[in-house]
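K.L.:
Sharing protein-v4.cif (mmCIF, C-alpha atoms) below.
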data_final
#
loop_
_atom_site.group_PDB
_atom_site.id
_atom_site.type_symbol
_atom_site.label_atom_id
_atom_site.label_comp_id
_atom_site.auth_asym_id
_atom_site.auth_seq_id
_atom_site.Cartn_x
_atom_site.Cartn_y
_atom_site.Cartn_z
ATOM 1 C CA MET A 1 320.429 273.923 198.715
ATOM 2 C CA LYS A 2 318.389 275.080 201.681
ATOM 3 C CA LEU A 3 320.449 276.253 204.643
ATOM 4 C CA ASP A 4 319.280 276.726 208.198
ATOM 5 C CA ALA A 5 320.715 278.639 211.159
ATOM 6 C CA ARG A 6 322.994 275.753 212.157
ATOM 7 C CA ASP A 7 324.476 275.570 208.654
ATOM 8 C CA LEU A 8 325.175 279.310 208.800
ATOM 9 C CA ASP A 9 326.767 278.896 212.233
ATOM 10 C CA ILE A 10 329.041 276.171 210.843
ATOM 11 C CA LEU A 11 330.099 278.439 207.959
ATOM 12 C CA ARG A 12 330.763 281.375 210.310
ATOM 13 C CA VAL A 13 332.904 279.330 212.693
ATOM 14 C CA LEU A 14 334.900 277.749 209.859
ATOM 15 C CA ALA A 15 335.492 281.130 208.206
ATOM 16 C CA ASP A 16 337.198 282.341 211.382
ATOM 17 C CA GLU A 17 338.718 279.094 212.628
ATOM 18 C CA GLY A 18 339.360 276.701 209.762
ATOM 19 C CA ARG A 19 341.551 274.421 211.898
ATOM 20 C CA ILE A 20 338.900 273.813 214.550
ATOM 21 C CA THR A 21 338.378 270.130 215.336
ATOM 22 C CA LYS A 22 335.118 268.555 214.278
ATOM 23 C CA ALA A 23 334.274 267.880 217.927
ATOM 24 C CA ASP A 24 334.870 271.535 218.867
ATOM 25 C CA LEU A 25 332.887 272.676 215.838
ATOM 26 C CA ALA A 26 329.952 270.507 216.896
ATOM 27 C CA ALA A 27 330.055 271.935 220.423
ATOM 28 C CA ARG A 28 330.277 275.532 219.118
ATOM 29 C CA VAL A 29 327.183 275.157 216.940
ATOM 30 C CA GLY A 30 325.169 273.155 219.464
ATOM 31 C CA LEU A 31 325.104 269.798 217.707
ATOM 32 C CA SER A 32 326.387 266.371 218.541
ATOM 33 C CA ALA A 33 329.375 265.207 216.513
ATOM 34 C CA SER A 34 327.645 262.946 213.990
ATOM 35 C CA PRO A 35 324.954 265.397 212.782
ATOM 36 C CA CYS A 36 327.535 268.176 212.640
ATOM 37 C CA TRP A 37 329.864 266.060 210.501
ATOM 38 C CA GLU A 38 326.977 265.177 208.165
ATOM 39 C CA ARG A 39 326.154 268.866 207.727
ATOM 40 C CA LEU A 40 329.825 269.705 207.167
ATOM 41 C CA LYS A 41 330.135 267.016 204.493
ATOM 42 C CA ARG A 42 326.937 268.267 202.801
ATOM 43 C CA LEU A 43 328.266 271.871 202.782
ATOM 44 C CA GLU A 44 331.586 270.695 201.293
ATOM 45 C CA GLU A 45 329.895 268.531 198.645
ATOM 46 C CA ALA A 46 327.607 271.428 197.661
ATOM 47 C CA GLY A 47 330.689 273.586 197.064
ATOM 48 C CA LEU A 48 329.836 276.112 199.780
ATOM 49 C CA ILE A 49 333.160 275.332 201.457
ATOM 50 C CA GLU A 50 335.867 275.606 198.815
ATOM 51 C CA GLY A 51 338.850 274.915 201.049
ATOM 52 C CA TYR A 52 340.625 275.576 204.308
ATOM 53 C CA HIS A 53 343.396 278.160 204.444
ATOM 54 C CA ALA A 54 345.857 279.676 206.876
ATOM 55 C CA ARG A 55 346.235 283.452 207.197
ATOM 56 C CA ILE A 56 349.940 284.154 206.869
ATOM 57 C CA ASN A 57 351.402 287.238 208.548
ATOM 58 C CA LEU A 58 353.526 288.634 205.712
ATOM 59 C CA LYS A 59 355.179 291.176 208.030
ATOM 60 C CA LYS A 60 356.786 288.274 209.913
ATOM 61 C CA LEU A 61 358.252 286.995 206.627
ATOM 62 C CA GLY A 62 359.798 290.303 205.628
ATOM 63 C CA SER A 63 359.281 293.687 204.104
ATOM 64 C CA HIS A 64 356.667 293.947 201.368
ATOM 65 C CA VAL A 65 354.255 296.391 199.744
ATOM 66 C CA THR A 66 350.607 295.863 198.811
ATOM 67 C CA VAL A 67 349.374 297.835 195.839
ATOM 68 C CA PHE A 68 345.940 298.167 194.290
ATOM 69 C CA VAL A 69 345.977 298.914 190.583
ATOM 70 C CA ALA A 70 342.958 300.191 188.673
ATOM 71 C CA VAL A 71 343.260 299.098 185.046
ATOM 72 C CA GLU A 72 341.768 300.308 181.779
ATOM 73 C CA LEU A 73 342.115 298.039 178.773
ATOM 74 C CA ALA A 74 342.951 299.322 175.308
ATOM 75 C CA ASP A 75 340.099 297.383 173.681
ATOM 76 C CA HIS A 76 336.722 296.387 175.029
ATOM 77 C CA THR A 77 336.069 293.217 173.108
ATOM 78 C CA PRO A 78 335.294 289.834 174.601
ATOM 79 C CA ALA A 79 338.623 288.552 173.255
ATOM 80 C CA SER A 80 340.524 291.418 174.955
ATOM 81 C CA PHE A 81 338.854 290.782 178.296
ATOM 82 C CA ARG A 82 339.524 287.046 178.007
ATOM 83 C CA ALA A 83 343.186 287.617 177.080
ATOM 84 C CA PHE A 84 343.733 289.969 180.013
ATOM 85 C CA GLU A 85 342.003 287.626 182.457
ATOM 86 C CA ASP A 86 343.996 284.637 181.205
ATOM 87 C CA SER A 87 347.253 286.591 181.546
ATOM 88 C CA MET A 88 346.553 287.332 185.229
ATOM 89 C CA GLN A 89 347.121 283.647 186.016
ATOM 90 C CA ARG A 90 350.799 284.013 185.016
ATOM 91 C CA TYR A 91 351.628 286.658 187.634
ATOM 92 C CA ASP A 92 351.924 285.208 191.134
ATOM 93 C CA GLU A 93 352.350 288.705 192.579
ATOM 94 C CA VAL A 94 348.789 289.482 191.488
ATOM 95 C CA THR A 95 347.073 288.059 194.546
ATOM 96 C CA ALA A 96 343.568 289.076 193.452
ATOM 97 C CA CYS A 97 341.930 290.614 190.405
ATOM 98 C CA TRP A 98 338.340 291.711 189.920
ATOM 99 C CA ALA A 99 336.449 292.767 186.783
ATOM 100 C CA LEU A 100 334.593 296.013 187.454
ATOM 101 C CA GLY A 101 331.565 297.797 186.107
ATOM 102 C CA GLY A 102 331.889 301.547 185.792
ATOM 103 C CA GLY A 103 334.984 303.624 185.090
ATOM 104 C CA PHE A 104 337.789 301.065 185.298
ATOM 105 C CA ASP A 105 337.840 297.612 183.768
ATOM 106 C CA TYR A 106 339.745 295.743 186.506
ATOM 107 C CA LEU A 107 341.125 296.148 189.990
ATOM 108 C CA MET A 108 344.269 294.168 190.783
ATOM 109 C CA GLN A 109 345.790 293.522 194.193
ATOM 110 C CA ILE A 110 349.543 293.076 193.931
ATOM 111 C CA VAL A 111 352.028 292.167 196.666
ATOM 112 C CA THR A 112 355.747 292.619 195.982
ATOM 113 C CA ARG A 113 358.941 293.088 197.975
ATOM 114 C CA ASP A 114 359.098 296.838 197.282
ATOM 115 C CA ILE A 115 357.980 299.590 194.897
ATOM 116 C CA ASP A 116 360.852 298.937 192.495
ATOM 117 C CA THR A 117 359.778 295.302 192.162
ATOM 118 C CA TYR A 118 356.194 296.434 191.632
ATOM 119 C CA GLN A 119 357.253 298.798 188.842
ATOM 120 C CA ARG A 120 359.299 296.067 187.140
ATOM 121 C CA LEU A 121 356.198 293.849 187.214
ATOM 122 C CA ILE A 122 354.058 296.574 185.624
ATOM 123 C CA ASP A 123 356.750 297.174 182.993
ATOM 124 C CA GLU A 124 356.760 293.439 182.258
ATOM 125 C CA MET A 125 352.961 293.496 181.857
ATOM 126 C CA LEU A 126 353.182 296.458 179.490
ATOM 127 C CA GLU A 127 355.870 294.745 177.411
ATOM 128 C CA ALA A 128 353.815 291.535 177.307
ATOM 129 C CA ARG A 129 351.006 293.466 175.605
ATOM 130 C CA ILE A 130 348.238 291.987 177.734
ATOM 131 C CA GLY A 131 345.917 294.858 176.855
ATOM 132 C CA LEU A 132 346.802 297.495 179.460
ATOM 133 C CA ALA A 133 346.035 300.980 178.158
ATOM 134 C CA ARG A 134 346.273 302.881 181.457
ATOM 135 C CA TYR A 135 346.800 301.952 185.069
ATOM 136 C CA PHE A 136 346.466 303.817 188.336
ATOM 137 C CA THR A 137 348.534 302.775 191.353
ATOM 138 C CA TYR A 138 347.282 302.973 194.939
ATOM 139 C CA ILE A 139 349.796 301.959 197.617
ATOM 140 C CA VAL A 140 348.434 300.498 200.842
ATOM 141 C CA THR A 141 349.832 302.429 203.805
ATOM 142 C CA LYS A 142 348.236 300.260 206.495
ATOM 143 C CA PRO A 143 345.627 297.547 206.711
ATOM 144 C CA VAL A 144 342.425 298.697 208.384
ATOM 145 C CA LYS A 145 340.188 295.651 207.980
ATOM 146 C CA SER A 146 341.085 292.288 206.497
ATOM 147 C CA PRO A 147 338.778 290.336 204.183
ATOM 148 C CA ARG A 148 336.056 288.551 206.105
ATOM 149 C CA LEU A 149 332.877 286.685 205.411
ATOM 150 C CA PRO A 150 329.945 289.090 204.910
ATOM 151 C CA PRO A 151 326.792 288.693 207.011
ATOM 152 C CA LEU A 152 325.327 285.436 205.735
ATOM 153 C CA GLU A 153 321.782 286.493 206.588
ATOM 154 C CA MET A 154 321.840 288.854 203.582
ATOM 155 C CA PHE A 155 321.427 285.816 201.339
ATOM 156 C CA PHE A 156 318.162 284.848 203.026
ATOM 157 C CA GLU A 157 316.214 288.101 203.283
#
Represent the structure from my file as structure tokens, please.
P.N.:
Amino acid sequence: MKLDARDLDILRVLADEGRITKADLAARVGLSASPCWERLKRLEEAGLIEGYHARINLKKLGSHVTVFVAVELADHTPASFRAFEDSMQRYDEVTACWALGGGFDYLMQIVTRDIDTYQRLIDEMLEARIGLARYFTYIVTKPVKSPRLPPLEMFFE
């Protein structure tokens, strides 16, 4: 799919303001409503827009801890990787998980009520024998920058 500057503008605005009205979106990207809606529908149908989400302020809900966990698996077979990856779907506290190249096999992001709850979750994972050989815990002390869309121009250089 070939994208132009207006398509990129639409993606940028939606990444920051997913609840923007279609009329406001059209005005922000310099299009009339109908062509903007057609572009939006084309971007959705192409799978470039996967969904619309709200950013929830977890601090307003209550105390919590965010932990990053670097993971080494016991075995490095395709079946071991698949089993570990499948098991991640069972743990709602694992809010993100990435396979890595290099020293560690995976990086998990975990959000729990407190450190004790985090440790119980890790103990549960160890008892479930999902392939964890070693893990390294990194506790987030403060957020510095939240996930954002990278510069879209990098895809067109």
K.L.:
For a quick check of understanding, using all atoms listed in the file, which of A:Arg90, A:Ala83, A:Glu38, A:Phe68 has the smallest distance to Glu124 in chain A?
P.N.:
A:Arg90
K.L.:
Selected by the PyMOL selection byres ((chain A and resi 107) around 9) in the shown coordinates: which residues, as a list in words?
P.N.:
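Checked against the file, the PyMOL selection byres ((chain A and resi 107) around 9) matches Phe68, Val69, Ala70, Val71, Ala96, Cys97, Trp98, Ala99, Leu100, Phe104, Asp105, Tyr106, Met108 and Gln109 of chain A.
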K.L.:
Out of A:Ile49, A:Leu121, A:Ala54, A:Leu31, which residue has the shortest atom-to-atom distance to Arg12 in chain A when counting all atoms listed in the file?
P.N.:
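Of all the options, A:Ile49 lies closest to Arg12 in chain A.
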K.L.:
Find the residues of range 113-151 of chain A that sit at most 9 Å from range 59-64 of chain A; for each, write down the nearest two atoms and how far apart they are in Å, to one decimal. Count only C-alpha atoms. Sort by chain, then by number going up, and give it as JSON lines.
P.N.:
{"residue": "A:Arg113", "atom": "CA", "partner": "A:His64", "partner_atom": "CA", "distance": 4.2}
{"residue": "A:Asp114", "atom": "CA", "partner": "A:His64", "partner_atom": "CA", "distance": 5.6}
{"residue": "A:Ile115", "atom": "CA", "partner": "A:His64", "partner_atom": "CA", "distance": 8.7}
K.L.:
Please report the interatomic distance between CA of Val65 in chain A and CA of Lys142 in chain A in Å with one decimal.
P.N.:
9.8 Å
K.L.:
Evaluated on this file, the PyMOL selection byres ((chain A and resi 14) around 12) picks out some residues - which ones are they, written as a short mmCIF file (atom, residue, chain, number, x, y, z; two decimals) with C-alpha atoms, in the coordinates of the input?
P.N.:
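Written out: part-v1.cif:
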data_model
loop_
_atom_site.label_atom_id
_atom_site.label_comp_id
_atom_site.auth_asym_id
_atom_site.auth_seq_id
_atom_site.Cartn_x
_atom_site.Cartn_y
_atom_site.Cartn_z
CA ASP A 7 324.48 275.57 208.65
CA LEU A 8 325.18 279.31 208.80
CA ASP A 9 326.77 278.90 212.23
CA ILE A 10 329.04 276.17 210.84
CA LEU A 11 330.10 278.44 207.96
CA ARG A 12 330.76 281.38 210.31
CA VAL A 13 332.90 279.33 212.69
CA ALA A 15 335.49 281.13 208.21
CA ASP A 16 337.20 282.34 211.38
CA GLU A 17 338.72 279.09 212.63
CA GLY A 18 339.36 276.70 209.76
CA ARG A 19 341.55 274.42 211.90
CA ILE A 20 338.90 273.81 214.55
CA THR A 21 338.38 270.13 215.34
CA LYS A 22 335.12 268.56 214.28
CA ASP A 24 334.87 271.54 218.87
CA LEU A 25 332.89 272.68 215.84
CA ALA A 26 329.95 270.51 216.90
CA ARG A 28 330.28 275.53 219.12
CA VAL A 29 327.18 275.16 216.94
CA LEU A 40 329.82 269.70 207.17
CA LEU A 43 328.27 271.87 202.78
CA GLU A 44 331.59 270.70 201.29
CA LEU A 48 329.84 276.11 199.78
CA ILE A 49 333.16 275.33 201.46
CA GLU A 50 335.87 275.61 198.82
CA GLY A 51 338.85 274.92 201.05
CA TYR A 52 340.62 275.58 204.31
CA HIS A 53 343.40 278.16 204.44
CA ALA A 54 345.86 279.68 206.88
CA ARG A 148 336.06 288.55 206.10
CA LEU A 149 332.88 286.68 205.41
#
